[in-house]
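Novice: Before anything else, here's the structure in question.
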Amino acid sequence: SLNSPRVYKSKAKGAQEAHEAIRPVNMALKPSDIEPYVENAQYRLYSLIWKRTLATQMAPAIIANTTYKIIAGKNRELEFQSKGQRIVFAGFMKAYTEGSDNPESALDSSEKILPTIKKDTVLNLEKLDLEQNFTKPPARYTEASLVKKLESEGIGRPSTYA
């Protein structure tokens, strides 16, 4: 249910449980409440912990992979494409996004955030960038990535990985 606190459980069968997390004792004590009484480093650390704790209890984000096809030319003979992502519902990203102090820069840096555009909208050309993209094959397994894949598939035991 969306109205009850979230409870997280380990998905792997043989996973060892982690120690108790560092968390705020009182979520009502906002980072802005303590800022005048602590040093900047302490404020930033508390703010990070508080935001992450809050984000764990929020609804998941909904992100849509989107491709816009833009038809142009006098006889509609040209087609341009723009691929990226649209944030349909920000969810937990409003509070905290991994590796960023700015939740607005929430998405993977390799992905473009596209605006919401309705079908058949007439667009005015401001700028056109020509870009050629090449696909890359999947990366080869390293020892660490192979062990991670074996664990996720439930194959073998940690003692056999060596």
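Residue numbering restarts at 1 for every chain of the structure tokens, chains are lettered A, B, ... in their displayed order, and ligands are numbered from 1 as they appear.
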Please identify the strand (DSSP E or B) residues within segment 10-155 of chain A (assignment by DSSP from backbone atoms) and present them as number ranges by chain.

Specialist: A: 62-72, 78-89, 97, 100, 113

Novice: For Ile71 of chain A, which residue out of A:Lys30, A:Lys112, A:Lys119, A:Lys136 is the nearest one, using only C-alpha atoms?

Specialist: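 The shortest atom-to-atom distance to Ile71 of chain A comes from A:Lys119.
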
Novice: When you count only C-alpha atoms, which of these residues is closest to Thr97 of chain A: A:Lys51, A:Asn75, A:Gln81, A:Pro138?

Specialist: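 Result for the nearest residue to Thr97 of chain A: A:Lys51.
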
Novice: As a ChimeraX atom specification, please: the residues near Glu131 of chain A (cut-off 12 Å, only C-alpha atoms, same-chain neighbours under 2 positions excluded).

Specialist: /A:80-82,128-129,133-134
